[in-house]
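Working notes, structure below.
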Amino acid sequence: MTAKTGKTAKAGKTLVIEQIGSPIRCPDHQRQTLVGLGLNKMRRRRTVPDNPAVRGMIRKVSHLVRIVEEPAAK
């Protein structure tokens with residue numbers, strides 16, 4: 001259980017994403033999506049949960065990010 005929320009941490013699937021493009025000359029909503037993913041500078045990497053909401057965010061800025069590590073299919 002985590003101290004603040006009282007919820008148990010779920011050991012779910014995760015993705016490692018890297019920012020490969022600059023948000024300069026991109027619409028503001030794409031810049032905000034990058035910030036929502038935890039990215040703001042080139043070559044930064046973040047580990048994010050693999051769920052439909054995050055997949056949708058990645059799809060919106062697919063020209064600015066790439067998936068570095070993805071879980072292997074079983």
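Ligands are numbered from 1 in the order shown, chains are lettered A, B, ... in the order of the structure tokens, and residues start at 1 in each chain.
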
Sorted by chain and rising residue number, list the residues of region 5-43 of chain A at most 6 Å from region 50-57 of chain A (counting only C-alpha atoms), each with its closest atom pair and distance in Å to one decimal, as a Markdown table.
```
| residue | atom | partner | partner_atom | distance |
| --- | --- | --- | --- | --- |
| A:Lys13 | CA | A:Asp50 | CA | 5.4 |
| A:Thr14 | CA | A:Asp50 | CA | 4.8 |
| A:Leu15 | CA | A:Asp50 | CA | 5.8 |
```

Test item, helix (DSSP H, G or I) assignment across region 7-73 of chain A, answer as a list in words: Asp28, His29, Gln30, Arg31, Gln32, Thr33, Leu34, Val35, Gly36, Pro52, Ala53, Val54, Arg55, Gly56, Met57, Ile58, Arg59 and Lys60 of chain A

Keeping only C-alpha atoms, write the selected residues as a PDB file, in the first residue's frame.
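Here's the written file result39.pdb:
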```
ATOM      1  CA  ASP A  28      -0.260  24.078 -28.414  1.00  0.00           C
ATOM      2  CA  HIS A  29      -2.331  20.961 -27.701  1.00  0.00           C
ATOM      3  CA  GLN A  30       0.548  18.764 -28.928  1.00  0.00           C
ATOM      4  CA  ARG A  31       2.975  20.560 -26.606  1.00  0.00           C
ATOM      5  CA  GLN A  32       0.525  20.016 -23.740  1.00  0.00           C
ATOM      6  CA  THR A  33       0.278  16.333 -24.625  1.00  0.00           C
ATOM      7  CA  LEU A  34       4.063  16.009 -24.382  1.00  0.00           C
ATOM      8  CA  VAL A  35       3.993  17.665 -20.959  1.00  0.00           C
ATOM      9  CA  GLY A  36       1.209  15.262 -19.951  1.00  0.00           C
ATOM     10  CA  PRO A  52      -5.533   3.094 -23.727  1.00  0.00           C
ATOM     11  CA  ALA A  53      -5.318   6.697 -22.489  1.00  0.00           C
ATOM     12  CA  VAL A  54      -1.531   6.809 -22.766  1.00  0.00           C
ATOM     13  CA  ARG A  55      -1.609   4.998 -26.112  1.00  0.00           C
ATOM     14  CA  GLY A  56      -3.978   7.700 -27.404  1.00  0.00           C
ATOM     15  CA  MET A  57      -1.636  10.437 -26.181  1.00  0.00           C
ATOM     16  CA  ILE A  58       1.299   8.749 -27.913  1.00  0.00           C
ATOM     17  CA  ARG A  59      -0.725   8.467 -31.117  1.00  0.00           C
ATOM     18  CA  LYS A  60      -1.458  12.222 -31.082  1.00  0.00           C
TER      19      LYS A  60
END
```

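Across A:Gly12, A:Val68, A:His63, A:Cys26, the tightest approach to Arg45 (chain A) is made by A:Val68 when counting only C-alpha atoms.
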
Please provide the set of residues having any atom within 6 Å of Leu64 (chain A), restricted to only C-alpha atoms, with same-chain residues fewer than 5 positions apart removed, written as a PDB file with N, CA, C and O atoms, in the first residue's frame.
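File out-v7.pdb, as written:
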```pdb
ATOM      1  N   GLN A  19      11.360  11.300 -26.413  1.00  0.00           N
ATOM      2  CA  GLN A  19      11.012  12.416 -27.289  1.00  0.00           C
ATOM      3  C   GLN A  19      12.102  12.567 -28.338  1.00  0.00           C
ATOM      4  O   GLN A  19      13.269  12.733 -28.019  1.00  0.00           O
ATOM      5  N   ILE A  20      11.706  12.509 -29.615  1.00  0.00           N
ATOM      6  CA  ILE A  20      12.676  12.605 -30.700  1.00  0.00           C
ATOM      7  C   ILE A  20      12.461  13.847 -31.555  1.00  0.00           C
ATOM      8  O   ILE A  20      13.250  14.120 -32.454  1.00  0.00           O
ATOM      9  N   GLY A  21      11.392  14.589 -31.312  1.00  0.00           N
ATOM     10  CA  GLY A  21      11.103  15.775 -32.110  1.00  0.00           C
ATOM     11  C   GLY A  21      10.843  16.975 -31.222  1.00  0.00           C
ATOM     12  O   GLY A  21      10.471  16.852 -30.064  1.00  0.00           O
TER      13      GLY A  21
END
```

To one decimal place, how far is CA of Pro27 (chain A) from CA of Thr47 (chain A) in Å?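 According to the coordinates, CA of Pro27 (chain A) and CA of Thr47 (chain A) are separated by 24.3 Å.
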
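Put simply, CA of Val48 (chain A) is 25.5 Å away from CA of Arg25 (chain A).
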
Provide the CA of Val16 (chain A) to CA of Arg43 (chain A) distance in Å, to one decimal place.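 Spanning CA of Val16 (chain A) to CA of Arg43 (chain A) is a straight-line distance of 12.0 Å.
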